[in-house]
Structure formats: structure tokens, C-alpha cells
>>> print(open('start07.cif').read())   # mmCIF, C-alpha atoms and all ligand atoms
data_query
loop_
_atom_site.label_atom_id
_atom_site.label_comp_id
_atom_site.auth_asym_id
_atom_site.auth_seq_id
_atom_site.Cartn_x
_atom_site.Cartn_y
_atom_site.Cartn_z
CA MET A 22 0.00 0.00 0.00
CA LEU A 23 1.28 3.44 -0.91
CA ARG A 24 1.27 5.81 2.08
CA VAL A 25 -0.19 9.16 1.05
CA GLY A 26 -0.77 12.50 2.75
CA VAL A 27 -2.58 15.75 2.04
CA ALA A 28 -1.26 19.18 3.09
CA GLY A 29 -4.09 21.71 2.96
CA ALA A 30 -6.61 19.00 3.87
CA ARG A 31 -9.03 21.55 5.36
CA GLY A 32 -9.46 23.42 2.06
CA TYR A 33 -11.85 22.64 -0.78
CA THR A 34 -9.43 20.65 -2.92
CA GLY A 35 -7.94 18.95 0.17
CA GLU A 36 -11.38 17.72 1.23
CA GLU A 37 -12.03 16.35 -2.28
CA LEU A 38 -8.67 14.55 -2.18
CA VAL A 39 -9.58 12.90 1.11
CA LYS A 40 -12.97 11.81 -0.30
CA ILE A 41 -11.26 10.08 -3.23
CA LEU A 42 -8.29 8.66 -1.35
CA ILE A 43 -10.31 6.91 1.36
CA LYS A 44 -11.94 4.75 -1.31
CA HIS A 45 -8.73 4.13 -3.30
CA PRO A 46 -7.78 0.43 -2.97
CA GLU A 47 -4.02 0.94 -3.54
CA VAL A 48 -3.31 3.69 -1.00
CA ARG A 49 -3.53 4.38 2.72
CA LEU A 50 -4.04 7.92 4.02
CA THR A 51 -1.41 8.41 6.70
CA TYR A 52 -1.07 12.18 7.09
CA LEU A 53 -3.39 15.19 6.97
CA ALA A 54 -2.30 18.77 7.63
CA ALA A 55 -3.44 22.38 7.51
CA THR A 56 -2.70 25.39 9.75
CA LEU A 57 -3.88 24.25 13.18
CA GLU A 58 -2.69 25.13 16.66
CA LYS A 59 -3.76 21.74 17.93
CA ALA A 60 -4.06 18.43 16.09
CA THR A 61 -7.79 17.78 15.59
CA ALA A 62 -9.67 14.68 14.51
CA PHE A 63 -10.48 15.08 10.83
CA ASP A 64 -14.06 13.94 11.45
CA GLU A 65 -14.40 16.78 13.93
CA LEU A 66 -13.46 19.24 11.20
CA PHE A 67 -15.64 17.39 8.66
CA PRO A 68 -18.36 15.32 10.39
CA LYS A 69 -19.19 13.65 7.06
CA PHE A 70 -16.08 11.47 7.51
CA ARG A 71 -17.22 10.04 10.88
CA GLY A 72 -16.92 6.27 10.77
CA ARG A 73 -14.90 6.42 7.52
CA LEU A 74 -11.59 7.94 8.58
CA ASP A 75 -9.79 7.86 11.89
CA LEU A 76 -6.96 10.34 11.43
CA LYS A 77 -5.97 13.65 12.95
CA CYS A 78 -5.33 16.79 10.97
CA GLU A 79 -2.28 18.61 12.30
CA ASN A 80 -0.20 21.68 11.71
CA PHE A 81 1.88 21.05 8.58
CA SER A 82 5.40 19.78 9.23
CA VAL A 83 7.40 18.88 6.17
CA ASP A 84 9.59 16.49 8.21
CA LYS A 85 6.61 14.63 9.58
CA ALA A 86 5.02 14.47 6.14
CA ALA A 87 8.21 12.95 4.75
CA GLU A 88 8.37 10.43 7.60
CA LYS A 89 4.73 9.32 7.23
CA CYS A 90 4.21 9.37 3.45
CA ASP A 91 5.61 8.02 0.19
CA LEU A 92 3.60 10.55 -1.81
CA LEU A 93 2.24 13.92 -0.75
CA PHE A 94 -0.49 16.06 -2.29
CA LEU A 95 0.10 19.76 -1.65
CA ALA A 96 -3.30 21.50 -1.73
CA LEU A 97 -1.73 24.76 -0.55
CA PRO A 98 -1.97 28.34 -1.80
CA HIS A 99 0.46 29.39 -4.52
CA THR A 100 3.85 30.75 -3.33
CA VAL A 101 3.59 28.40 -0.28
CA SER A 102 4.27 25.01 -1.91
CA MET A 103 7.73 25.99 -3.15
CA ASP A 104 8.87 26.36 0.47
CA PHE A 105 8.28 22.63 1.05
CA VAL A 106 8.87 20.85 -2.24
CA PRO A 107 12.72 20.90 -2.21
CA LYS A 108 12.92 19.00 1.08
CA LEU A 109 10.30 16.43 0.04
CA ILE A 110 12.01 15.76 -3.28
CA LYS A 111 15.41 15.52 -1.59
CA LYS A 112 13.99 12.85 0.70
CA GLY A 113 12.87 10.85 -2.33
CA LYS A 114 9.15 11.54 -1.97
CA LYS A 115 6.73 11.91 -4.86
CA VAL A 116 4.87 15.21 -4.83
CA ILE A 117 1.72 16.37 -6.61
CA ASP A 118 1.38 20.12 -6.18
CA LEU A 119 -2.08 21.56 -6.83
CA SER A 120 -0.85 25.16 -6.65
CA ALA A 121 0.61 27.17 -9.50
CA ASP A 122 4.16 27.07 -8.13
CA TYR A 123 5.60 24.55 -10.59
CA ARG A 124 3.42 25.19 -13.65
CA LEU A 125 5.08 28.18 -15.32
CA LYS A 126 8.50 27.16 -16.62
CA ASN A 127 9.72 30.73 -17.04
CA PHE A 128 10.44 32.10 -13.56
CA GLY A 129 10.30 35.70 -14.85
CA ILE A 130 6.71 35.07 -15.94
CA TYR A 131 6.01 33.40 -12.57
CA LYS A 132 7.19 36.52 -10.76
CA GLN A 133 5.19 38.80 -13.03
CA TRP A 134 1.91 36.93 -12.33
CA TYR A 135 2.38 35.69 -8.75
CA HIS A 136 4.35 38.72 -7.46
CA LYS A 137 7.06 36.68 -5.78
CA ALA A 138 10.41 35.41 -7.03
CA HIS A 139 10.52 31.63 -7.50
CA LYS A 140 12.65 29.96 -4.81
CA ASP A 141 13.15 26.53 -6.34
CA LYS A 142 14.37 26.80 -9.91
CA LYS A 143 15.95 23.33 -9.81
CA ASN A 144 12.71 21.45 -9.23
CA LEU A 145 10.79 23.86 -11.44
CA LYS A 146 12.96 22.63 -14.29
CA SER A 147 12.20 18.95 -13.73
CA SER A 148 8.51 19.27 -12.78
CA VAL A 149 6.01 17.78 -15.22
CA TYR A 150 2.79 19.60 -16.11
CA GLY A 151 0.18 17.08 -15.01
CA LEU A 152 -2.21 17.03 -17.93
CA PRO A 153 -2.36 13.31 -18.76
CA GLU A 154 -3.86 13.91 -22.21
CA LEU A 155 -0.62 15.69 -23.17
CA TYR A 156 2.12 14.31 -20.95
CA ARG A 157 1.15 10.78 -19.85
CA GLN A 158 4.56 9.29 -20.68
CA LYS A 159 6.44 11.99 -18.74
CA ILE A 160 4.04 11.72 -15.79
CA LYS A 161 4.84 7.99 -15.50
CA LYS A 162 8.47 8.83 -14.67
CA ALA A 163 7.97 12.09 -12.73
CA SER A 164 8.69 12.78 -9.06
CA LEU A 165 7.07 16.23 -9.07
CA ILE A 166 3.79 16.99 -10.78
CA ALA A 167 2.55 20.52 -11.34
CA ASN A 168 -1.17 19.79 -11.35
CA PRO A 169 -2.83 22.10 -13.90
CA GLY A 170 -5.12 24.97 -12.98
CA CYS A 171 -8.88 24.51 -13.31
CA TYR A 172 -9.50 27.08 -16.06
CA PRO A 173 -6.41 25.95 -18.02
CA THR A 174 -7.51 22.28 -17.91
CA ALA A 175 -10.83 23.06 -19.62
CA ALA A 176 -9.23 25.57 -22.02
CA ILE A 177 -6.32 23.38 -23.10
CA LEU A 178 -8.44 20.24 -23.55
CA GLY A 179 -10.95 22.29 -25.54
CA ALA A 180 -8.39 23.87 -27.88
CA LEU A 181 -5.82 21.08 -28.32
CA PRO A 182 -7.33 18.98 -31.14
CA ILE A 183 -8.00 21.90 -33.49
CA LEU A 184 -4.61 23.50 -32.76
CA ILE A 185 -2.72 20.27 -33.32
CA ALA A 186 -4.67 19.70 -36.53
CA GLY A 187 -3.18 23.04 -37.68
CA LEU A 188 -6.59 24.41 -38.60
CA CYS A 189 -6.84 27.46 -36.38
CA GLU A 190 -5.49 31.00 -36.38
CA LYS A 191 -3.09 31.10 -33.41
CA ASP A 192 -3.95 34.66 -32.49
CA GLY A 193 -7.68 34.28 -32.72
CA LEU A 194 -8.53 32.22 -29.64
CA ILE A 195 -11.08 33.82 -27.36
CA ILE A 196 -11.91 31.97 -24.13
CA ASP A 197 -15.10 33.01 -22.36
CA ALA A 198 -14.88 31.17 -19.03
CA LYS A 199 -17.29 30.79 -16.11
CA SER A 200 -16.49 29.19 -12.76
CA GLY A 201 -18.40 28.20 -9.65
CA VAL A 202 -17.39 29.98 -6.45
CA SER A 203 -15.37 27.10 -4.92
CA GLY A 204 -12.78 27.88 -7.62
CA ALA A 205 -11.56 30.72 -5.40
CA GLY A 206 -10.89 28.47 -2.39
CA LYS A 207 -12.19 29.01 1.14
CA LYS A 208 -10.93 32.55 1.49
CA VAL A 209 -13.48 35.03 2.73
CA ALA A 210 -13.55 38.08 0.51
CA LEU A 211 -16.48 40.39 -0.06
CA GLY A 212 -16.90 39.46 -3.71
CA TYR A 213 -17.34 35.79 -2.84
CA ILE A 214 -19.88 35.92 -0.01
CA TYR A 215 -23.41 34.63 -0.63
CA PRO A 216 -25.34 37.90 -1.15
CA GLU A 217 -22.70 39.10 -3.61
CA VAL A 218 -22.73 35.91 -5.69
CA ASN A 219 -26.27 34.58 -5.41
CA GLU A 220 -28.63 35.92 -8.13
CA ASN A 221 -25.64 37.63 -9.70
CA PHE A 222 -23.26 37.07 -12.60
CA LYS A 223 -20.07 39.03 -13.10
CA GLY A 224 -16.79 39.05 -14.97
CA TYR A 225 -13.38 39.67 -13.40
CA LYS A 226 -9.70 39.99 -14.36
CA PHE A 227 -10.41 40.11 -18.12
CA ASN A 228 -7.08 39.38 -19.81
CA VAL A 229 -5.18 39.85 -16.53
CA HIS A 230 -6.02 36.54 -14.88
CA GLN A 231 -3.01 34.49 -13.72
CA HIS A 232 -4.21 31.47 -15.70
CA SER A 233 -3.63 33.24 -19.05
CA PRO A 234 0.15 32.63 -19.11
CA GLU A 235 -0.39 28.98 -18.18
CA ILE A 236 -2.82 28.46 -21.07
CA ASN A 237 -0.48 30.33 -23.44
CA GLN A 238 2.54 28.30 -22.30
CA GLU A 239 0.90 24.95 -22.96
CA LEU A 240 -0.90 25.85 -26.18
CA SER A 241 2.26 27.48 -27.57
CA LYS A 242 4.22 24.29 -26.86
CA VAL A 243 1.95 22.22 -29.07
CA SER A 244 1.81 24.83 -31.86
CA SER A 245 4.58 25.90 -34.15
CA SER A 246 4.15 29.53 -33.07
CA ARG A 247 3.21 31.58 -30.01
CA VAL A 248 -0.39 31.40 -28.86
CA ASN A 249 -1.77 34.40 -27.00
CA VAL A 250 -5.36 33.88 -25.92
CA VAL A 251 -8.00 36.41 -24.93
CA PHE A 252 -9.17 35.05 -21.57
CA CYS A 253 -12.30 36.39 -19.87
CA PRO A 254 -13.33 34.68 -16.60
CA HIS A 255 -16.70 35.10 -14.87
CA LEU A 256 -18.14 34.03 -11.54
CA LEU A 257 -21.16 31.73 -11.74
CA PRO A 258 -23.61 31.59 -8.83
CA VAL A 259 -23.04 27.84 -8.33
CA ASN A 260 -20.73 25.99 -5.93
CA ARG A 261 -18.71 24.07 -8.48
CA GLY A 262 -18.21 23.62 -12.21
CA ILE A 263 -16.41 25.38 -15.07
CA PHE A 264 -18.06 26.16 -18.41
CA GLU A 265 -15.79 27.56 -21.12
CA THR A 266 -16.86 28.74 -24.56
CA ILE A 267 -13.84 28.96 -26.85
CA TYR A 268 -14.12 30.88 -30.10
CA VAL A 269 -11.66 29.60 -32.71
CA ARG A 270 -10.97 31.38 -36.00
CA LEU A 271 -10.27 28.69 -38.58
CA ASN A 272 -7.75 29.05 -41.39
CA LYS A 273 -10.02 27.10 -43.71
CA ALA A 274 -13.70 26.23 -43.90
CA LEU A 275 -14.70 23.20 -41.84
CA ASP A 276 -18.08 21.55 -41.39
CA LEU A 277 -19.41 20.32 -38.06
CA ALA A 278 -19.20 16.61 -38.92
CA LYS A 279 -15.50 16.93 -39.80
CA ALA A 280 -14.77 18.97 -36.64
CA VAL A 281 -16.50 16.39 -34.42
CA ASP A 282 -14.55 13.65 -36.19
CA ILE A 283 -11.22 15.44 -35.47
CA TYR A 284 -12.10 15.78 -31.77
CA LYS A 285 -13.42 12.23 -31.37
CA LYS A 286 -10.33 10.73 -33.01
CA PHE A 287 -8.02 12.88 -30.88
CA TYR A 288 -9.60 11.75 -27.62
CA LYS A 289 -10.60 8.20 -28.58
CA ASP A 290 -8.32 6.53 -26.00
CA GLU A 291 -8.76 9.10 -23.22
CA PRO A 292 -10.59 7.78 -20.16
CA PHE A 293 -11.77 11.22 -18.97
CA VAL A 294 -12.58 13.26 -22.07
CA ARG A 295 -15.94 12.78 -23.80
CA VAL A 296 -16.76 14.47 -27.11
CA LYS A 297 -20.45 15.05 -27.78
CA ASN A 298 -22.09 14.08 -31.07
CA ALA A 299 -22.89 16.89 -33.54
CA GLY A 300 -25.78 19.00 -32.31
CA VAL A 301 -25.38 18.09 -28.62
CA LEU A 302 -23.85 20.57 -26.18
CA PRO A 303 -22.31 19.72 -22.80
CA GLU A 304 -23.82 20.79 -19.49
CA LEU A 305 -22.31 21.34 -16.04
CA LYS A 306 -24.61 18.84 -14.33
CA ASP A 307 -23.14 15.99 -16.40
CA VAL A 308 -19.59 16.59 -15.13
CA VAL A 309 -19.99 17.99 -11.61
CA GLY A 310 -19.01 15.24 -9.17
CA THR A 311 -16.96 13.46 -11.87
CA ASN A 312 -13.44 13.61 -13.31
CA PHE A 313 -14.73 14.08 -16.86
CA CYS A 314 -14.19 16.89 -19.31
CA ASP A 315 -17.12 17.04 -21.75
CA ILE A 316 -16.61 18.84 -25.05
CA GLY A 317 -19.20 19.97 -27.60
CA LEU A 318 -18.79 21.80 -30.90
CA VAL A 319 -20.63 24.33 -33.04
CA CYS A 320 -19.38 25.23 -36.51
CA ASP A 321 -20.10 28.27 -38.66
CA LYS A 322 -18.65 27.18 -41.97
CA ASP A 323 -19.26 30.46 -43.84
CA ARG A 324 -17.55 32.55 -41.18
CA LYS A 325 -14.79 29.96 -40.67
CA LEU A 326 -15.59 29.89 -36.97
CA LEU A 327 -15.50 26.92 -34.60
CA ILE A 328 -17.07 27.28 -31.15
CA VAL A 329 -15.84 24.76 -28.58
CA ILE A 330 -17.66 24.24 -25.28
CA SER A 331 -15.54 22.56 -22.62
CA VAL A 332 -16.92 21.76 -19.16
CA ILE A 333 -15.37 20.24 -16.02
CA ASP A 334 -15.79 20.12 -12.26
CA ASN A 335 -13.16 22.61 -11.05
CA LEU A 336 -12.53 20.56 -7.90
CA LEU A 337 -12.15 17.22 -9.76
CA LYS A 338 -10.80 17.26 -13.34
CA GLY A 339 -9.75 20.84 -12.51
CA ALA A 340 -7.88 19.85 -9.32
CA SER A 341 -8.18 16.80 -7.02
CA GLY A 342 -9.56 14.24 -9.49
CA GLN A 343 -6.80 15.08 -11.96
CA ALA A 344 -4.25 14.93 -9.11
CA VAL A 345 -5.36 11.36 -8.29
CA GLN A 346 -5.36 10.51 -12.02
CA ASN A 347 -1.72 11.69 -12.03
CA MET A 348 -0.90 9.61 -8.95
CA ASN A 349 -2.45 6.56 -10.63
CA ILE A 350 -0.25 7.08 -13.70
CA MET A 351 2.92 7.79 -11.65
CA CYS A 352 2.45 4.72 -9.50
CA GLY A 353 1.30 2.26 -12.16
CA PHE A 354 -2.26 1.93 -10.81
CA GLY A 355 -5.22 1.70 -13.19
CA GLU A 356 -5.73 5.28 -14.40
CA ARG A 357 -9.43 5.31 -13.49
CA THR A 358 -8.98 3.82 -10.02
CA ALA A 359 -11.23 5.54 -7.44
CA LEU A 360 -12.38 8.11 -10.03
CA LEU A 361 -15.87 8.45 -11.46
N1 LIG A 401 -10.47 25.55 -5.71
C1 LIG A 401 -10.25 25.12 -6.94
O1 LIG A 401 -11.18 24.92 -7.73
C2 LIG A 401 -8.84 24.86 -7.40
C3 LIG A 401 -8.66 24.27 -8.66
C4 LIG A 401 -7.35 24.01 -9.11
C5 LIG A 401 -6.28 24.34 -8.33
N2 LIG A 401 -6.49 24.94 -7.12
C6 LIG A 401 -5.32 25.29 -6.31
O2 LIG A 401 -5.21 24.33 -5.26
C7 LIG A 401 -4.67 24.96 -4.09
C8 LIG A 401 -5.67 24.77 -2.95
O3 LIG A 401 -6.88 25.37 -3.32
P1 LIG A 401 -8.19 25.33 -2.42
O4 LIG A 401 -9.27 25.90 -3.24
O5 LIG A 401 -8.35 24.00 -1.82
O6 LIG A 401 -7.77 26.40 -1.28
P2 LIG A 401 -8.39 26.61 0.17
O7 LIG A 401 -9.79 26.10 0.20
O8 LIG A 401 -8.17 28.04 0.49
O9 LIG A 401 -7.47 25.69 1.12
C9 LIG A 401 -6.10 25.94 1.31
C10 LIG A 401 -5.56 25.01 2.39
O10 LIG A 401 -4.17 25.29 2.56
C11 LIG A 401 -3.90 25.42 3.96
N3 LIG A 401 -2.75 26.32 4.16
C12 LIG A 401 -2.62 27.62 3.82
N4 LIG A 401 -1.38 28.07 4.12
C13 LIG A 401 -0.72 27.03 4.67
C14 LIG A 401 0.60 26.85 5.19
N5 LIG A 401 1.49 27.84 5.19
N6 LIG A 401 0.93 25.63 5.68
C15 LIG A 401 0.05 24.62 5.70
N7 LIG A 401 -1.22 24.72 5.21
C16 LIG A 401 -1.58 25.90 4.70
C17 LIG A 401 -5.18 25.99 4.56
O11 LIG A 401 -5.17 25.70 5.92
P3 LIG A 401 -6.36 26.14 6.91
O12 LIG A 401 -7.54 25.32 6.51
O13 LIG A 401 -5.85 25.79 8.24
O14 LIG A 401 -6.57 27.61 6.69
C18 LIG A 401 -6.22 25.20 3.75
O15 LIG A 401 -6.43 23.94 4.35
C19 LIG A 401 -4.46 26.44 -4.46
O16 LIG A 401 -3.13 26.64 -4.84
C20 LIG A 401 -5.39 26.64 -5.65
O17 LIG A 401 -4.98 27.67 -6.51
C21 LIG A 401 -7.74 25.19 -6.63
#
>>> encode(input="start07.cif", output="C-alpha cells", more="lines below")
Ligand SMILES: NC(=O)c1ccc[n+]([C@@H]2O[C@H](COP(=O)([O-])OP(=O)(O)OC[C@H]3O[C@@H](n4cnc5c(N)ncnc54)[C@H](OP(=O)(O)O)[C@@H]3O)[C@@H](O)[C@H]2O)c1
Amino acid sequence: MLRVGVAGARGYTGEELVKILIKHPEVRLTYLAATLEKATAFDELFPKFRGRLDLKCENFSVDKAAEKCDLLFLALPHTVSMDFVPKLIKKGKKVIDLSADYRLKNFGIYKQWYHKAHKDKKNLKSSVYGLPELYRQKIKKASLIANPGCYPTAAILGALPILIAGLCEKDGLIIDAKSGVSGAGKKVALGYIYPEVNENFKGYKFNVHQHSPEINQELSKVSSSRVNVVFCPHLLPVNRGIFETIYVRLNKALDLAKAVDIYKKFYKDEPFVRVKNAGVLPELKDVVGTNFCDIGLVCDKDRKLLIVISVIDNLLKGASGQAVQNMNIMCGFGERTALL
């Protein structure tokens, strides 16, 4: 049995990790941590786990984590993970970091978007971006996974097939993205409290959201030239789920049947990406609570425009589900194990 731990277990993605890991047949949860003055039974923090998990959640200690675990999930805020990763890697542990600390390969760009200099350039170099649909072979051999962001997961999976087919204008990608409120974590800020979000719908950080450089980095890597997306996020008055509408300018006319065929062929062996038939669009309720990304397409042949709809659960395929998918690949377990 692989011994696994979660740092940040009291947060939204940490809680989802615990839910998945307690039903995973190949692992044993041995360590849970957050910022706590006193170690507290996890089922006291989350009564839903009573009778399912007998483990305390304690103040995070990197030494204790290394002693108790073979693999650690870091569900910590960005700029925090990089304080702990070097020690864990040095001790031969596998690490899956859910924060942004190891996603952007250019540390100048990291500093520009996260307002702090990167402290661990060595491990940044060897970290693998944990999107299995792109990097499965590298993930198999990795010690450190930079688990992708929620918005970037939906955006990259939505844009990949048409970009790789060489059919789209690289500068013409517009991503209109909407996320449920859990995407912002448990922080209490005015804009995220119930009366501000309920019965409301608003945009934020248009073209200045920290996920833009991550999307650009990954889409540029698979294209022959630089991709620079227009990225417009919005806050949906729901707890969880991401719905992205991606407008793609095509470099030649394409009909819907052909576009669907390109997407279906591209994802035919992927266990967690489902492409809808022509005329059917994805909905949040079909992916929330699952690790799936559902993709649907609309084509305007005369205008040479493809519209891609990509939907995920931000806490699962956008975070903890994908993190477990990565662990399954790294450790040679069945890729779908414990994931719906
Ligand atoms: N929410 C999403 O949809 C989503 C999706 C993809 C990626 N992510 C990323 O995943 C990470 C976690 O997100 P989240 O939404 O779960 O955040 P969250 O709900 O705010 O939880 C963060 C957790 O980290 C703990 N923590 C903070 N500083 C710490 C420190 N110095 N040492 C130890 N523990 C510390 C907190 O402890 P306390 O509970 O004691 O305060 C809390 O348990 C973030 O980097 C986020 O960007 C989130």
C-alpha cells in the first residue's frame, strides 16, 4: 500500500482529495495537515467522515510528512508550496502540487503573475505539467507533478485537437470562461460571499487573470508559433463547475461533422474526455461530481468559426480528481482507479 498525505486538507481541494483517497484500494491515508494550533480529529473538522476515517489533521510539518508518506499532495496556496517541495524531493518523496508554483517554466513570468520570485528553480525545471492527455509518458516517470489549474484544464483540452490539426489562427482564440465559487478556495472576501454571488453574474480579471500565461505556455508548446489567448473569466452563482466557450478562427472552412470527427479521433483513448455528437452541447450537471471533461462543438462554416464548449468540475478534473489521475499514472495503478 502506498502511504499518502494531504497538506491543505481543510481546504476545498484537500477535502475532495480525502474523499477520493479513502476509497482508493491501492493507498492508505497516513497524514493530513493544515494550519492548526492543535491536532484535531479530521471527522471533527468534517463530520461527514465520521466512521470512515480515523486520522488527525495537524499543523503542517514537512519532516513529519516525509516520515509518514511516500507521496504527498500539496493543496496549498500558490507561493507556499515551493517552500516545502525541495525538502520532500530531496527525501525521495513523490509530490503532486495543486498550486501554480511549478506550472510556469519561465520564472520571470512566474514573478510577473504571482508577485514573488521563484525559490526553487531546480525542481521547477524537472517538474512535469500534469495534464495526462498531453504528458502521460512523462508523468509515468515524474517525481514532481505541477497539477494544472482549473480554467487551463478546460481551455487546453478544448483547444488542443484543433490547434494540433493546424486548422486554427493562433492569435484568434477567445476563451469566455465561467467558474463556480469554490474555484476561489475558502478565502473570505467580499466578492465571494453569498449575497454578492447569489442571483448575480459578473466578470473579473479580463485578460489579466493568472491562468492566461499557463494556457499560453501549454498551447504554444503544441503549436509551431506563439499562442496568445484572450481570456475572460466570470463568476457563476453555483458551488462548483467550469463552463468555457472557446471561439476559434479557422484558417479554412470546416463543417461540423468533420470537426466532431477530429475531436473524437483525438480523444478516442482518453478515459476522462468525452466528445459530444454533432448537435449536442455539454452541461455542467453531467460533469460535476466526476473527473470528466465534456466537449461539444458548433461550426459556422461560412464565417470559418469553430465554437468549442468545454466543461469540467473545477474541484475534480480541474484539481483533485486530476491529481489522483496523475498519482495513478505515476504509481502504475489503473488510471481510473477511485475516479468516477
Ligand atoms: N479551488 C479550486 O477549484 C482549485 C482548482 C485548481 C487548483 N487549485 C489550487 O489548489 C490549491 C488549494 O486550493 P483550495 O481551493 O483547496 O484552497 P483553500 O480552500 O483556500 O485551502 C487551502 C488550504 O491550505 C492550507 N494552508 C494555507 N497556508 C498554509 C501553510 N502555510 N501551511 C500549511 N497549510 C496551509 C489551509 O489551511 P487552513 O484550513 O488551516 O486555513 C487550507 O487547508 C491552491 O493553490 C489553488 O490555486 C484550486
>>> closest_residue(input="start07.cif", among="A:Ala359, A:Leu275, A:Ala121, A:Ile333", to="Glu47 in chain A", atoms="only C-alpha atoms")
A:Ala359
>>> closest_atom_pairs(input="start07.cif", of="chain A", to="ligand LIG 401 (chain A)", cutoff="7 Å", atoms="only C-alpha atoms and all ligand atoms", output="CSV")
residue,atom,partner,partner_atom,distance
A:Ala28,CA,A:LIG401,N7,5.9
A:Gly29,CA,A:LIG401,O15,3.5
A:Ala30,CA,A:LIG401,O15,5.0
A:Arg31,CA,A:LIG401,O15,3.7
A:Gly32,CA,A:LIG401,O9,3.2
A:Tyr33,CA,A:LIG401,O5,3.9
A:Thr34,CA,A:LIG401,O5,3.7
A:Gly35,CA,A:LIG401,O5,5.4
A:Ala54,CA,A:LIG401,N7,6.5
A:Ala55,CA,A:LIG401,N7,4.0
A:Thr56,CA,A:LIG401,O13,3.5
A:Leu57,CA,A:LIG401,O13,5.5
A:Asn80,CA,A:LIG401,C15,6.7
A:Phe81,CA,A:LIG401,C15,4.9
A:Ala96,CA,A:LIG401,C8,4.2
A:Leu97,CA,A:LIG401,O10,4.0
A:Pro98,CA,A:LIG401,O16,3.7
A:His99,CA,A:LIG401,O16,4.5
A:Val101,CA,A:LIG401,N5,5.9
A:Leu119,CA,A:LIG401,O2,4.5
A:Ser120,CA,A:LIG401,O16,3.3
A:Ala121,CA,A:LIG401,O16,6.0
A:Pro169,CA,A:LIG401,C4,6.9
A:Gly170,CA,A:LIG401,C4,4.6
A:Cys171,CA,A:LIG401,C4,4.5
A:Ser203,CA,A:LIG401,N1,5.2
A:Gly204,CA,A:LIG401,O1,3.4
A:Ala205,CA,A:LIG401,N1,5.3
A:Gly206,CA,A:LIG401,O4,3.2
A:Lys207,CA,A:LIG401,O7,3.9
A:Lys208,CA,A:LIG401,O8,5.4
A:Asn335,CA,A:LIG401,O1,4.5
A:Leu336,CA,A:LIG401,O1,4.6
A:Gly339,CA,A:LIG401,C4,5.2
A:Ala340,CA,A:LIG401,C4,4.2
>>> residues_around(input="start07.cif", residues="Phe227 in chain A", least_positions_apart="2", cutoff="12 Å", atoms="all atoms listed in the file", output="list in words")
Ile195, Ile196, Asp197, Ala198, Lys199, Lys223, Gly224, Tyr225, Val229, His230, Gln231, His232, Ser233, Val250, Val251, Phe252, Cys253, Pro254, His255 and Leu256 of chain A
>>> residues_around(input="start07.cif", residues="range 39-46 of chain A", least_positions_apart="6", cutoff="9 Å", atoms="only C-alpha atoms", output="ChimeraX atom specification")
/A:22,25-27,30,53,70,73-74,341-342,345,358-360
>>> write_last_selection(input="start07.cif", atoms="C-alpha atoms", output="short mmCIF file (atom, residue, chain, number, x, y, z; two decimals), in the coordinates of the input")
data_model
loop_
_atom_site.label_atom_id
_atom_site.label_comp_id
_atom_site.auth_asym_id
_atom_site.auth_seq_id
_atom_site.Cartn_x
_atom_site.Cartn_y
_atom_site.Cartn_z
CA MET A 22 0.00 0.00 0.00
CA VAL A 25 -0.19 9.16 1.05
CA GLY A 26 -0.77 12.50 2.75
CA VAL A 27 -2.58 15.75 2.04
CA ALA A 30 -6.61 19.00 3.87
CA LEU A 53 -3.39 15.19 6.97
CA PHE A 70 -16.08 11.47 7.51
CA ARG A 73 -14.90 6.42 7.52
CA LEU A 74 -11.59 7.94 8.58
CA SER A 341 -8.18 16.80 -7.02
CA GLY A 342 -9.56 14.24 -9.49
CA VAL A 345 -5.36 11.36 -8.29
CA THR A 358 -8.98 3.82 -10.02
CA ALA A 359 -11.23 5.54 -7.44
CA LEU A 360 -12.38 8.11 -10.03
#
>>> closest_residue(input="start07.cif", among="A:Leu305, A:Ile117, A:Met348, A:Ala299", to="Ile283 in chain A", atoms="only C-alpha atoms")
A:Ala299
>>> decode(input="start07.cif", residues="range 202-213 of chain A", atoms="N, CA, C and O atoms", output="compact mmCIF listing (two decimals), in the first residue's frame")
# COMPACT_ATOMS: atom_id res chain seq x y z
N VAL A 202 -18.09 29.17 -7.45
CA VAL A 202 -17.39 29.98 -6.45
C VAL A 202 -16.29 29.20 -5.71
O VAL A 202 -15.31 29.78 -5.25
N SER A 203 -16.41 27.87 -5.61
CA SER A 203 -15.37 27.10 -4.92
C SER A 203 -14.03 27.22 -5.63
O SER A 203 -12.98 26.92 -5.05
N GLY A 204 -14.02 27.68 -6.88
CA GLY A 204 -12.78 27.88 -7.62
C GLY A 204 -11.84 28.85 -6.93
O GLY A 204 -10.63 28.83 -7.14
N ALA A 205 -12.39 29.71 -6.08
CA ALA A 205 -11.56 30.72 -5.40
C ALA A 205 -11.03 30.22 -4.06
O ALA A 205 -10.35 30.97 -3.35
N GLY A 206 -11.33 28.98 -3.68
CA GLY A 206 -10.89 28.47 -2.39
C GLY A 206 -11.76 28.98 -1.26
O GLY A 206 -12.78 29.65 -1.50
N LYS A 207 -11.34 28.68 -0.01
CA LYS A 207 -12.19 29.01 1.14
C LYS A 207 -12.01 30.42 1.65
O LYS A 207 -12.54 30.77 2.68
N LYS A 208 -11.21 31.20 0.96
CA LYS A 208 -10.93 32.55 1.49
C LYS A 208 -12.23 33.36 1.58
O LYS A 208 -13.14 33.21 0.76
N VAL A 209 -12.28 34.20 2.57
CA VAL A 209 -13.48 35.03 2.73
C VAL A 209 -13.15 36.42 2.20
O VAL A 209 -12.37 37.16 2.77
N ALA A 210 -13.73 36.74 1.07
CA ALA A 210 -13.55 38.08 0.51
C ALA A 210 -14.94 38.56 0.10
O ALA A 210 -15.78 37.74 -0.29
N LEU A 211 -15.15 39.83 0.18
CA LEU A 211 -16.48 40.39 -0.06
C LEU A 211 -17.12 39.87 -1.35
O LEU A 211 -18.26 39.44 -1.36
N GLY A 212 -16.36 39.85 -2.41
CA GLY A 212 -16.90 39.46 -3.71
C GLY A 212 -17.38 38.03 -3.78
O GLY A 212 -18.04 37.64 -4.74
N TYR A 213 -17.02 37.22 -2.78
CA TYR A 213 -17.34 35.79 -2.84
C TYR A 213 -18.40 35.39 -1.83
O TYR A 213 -18.77 34.22 -1.75
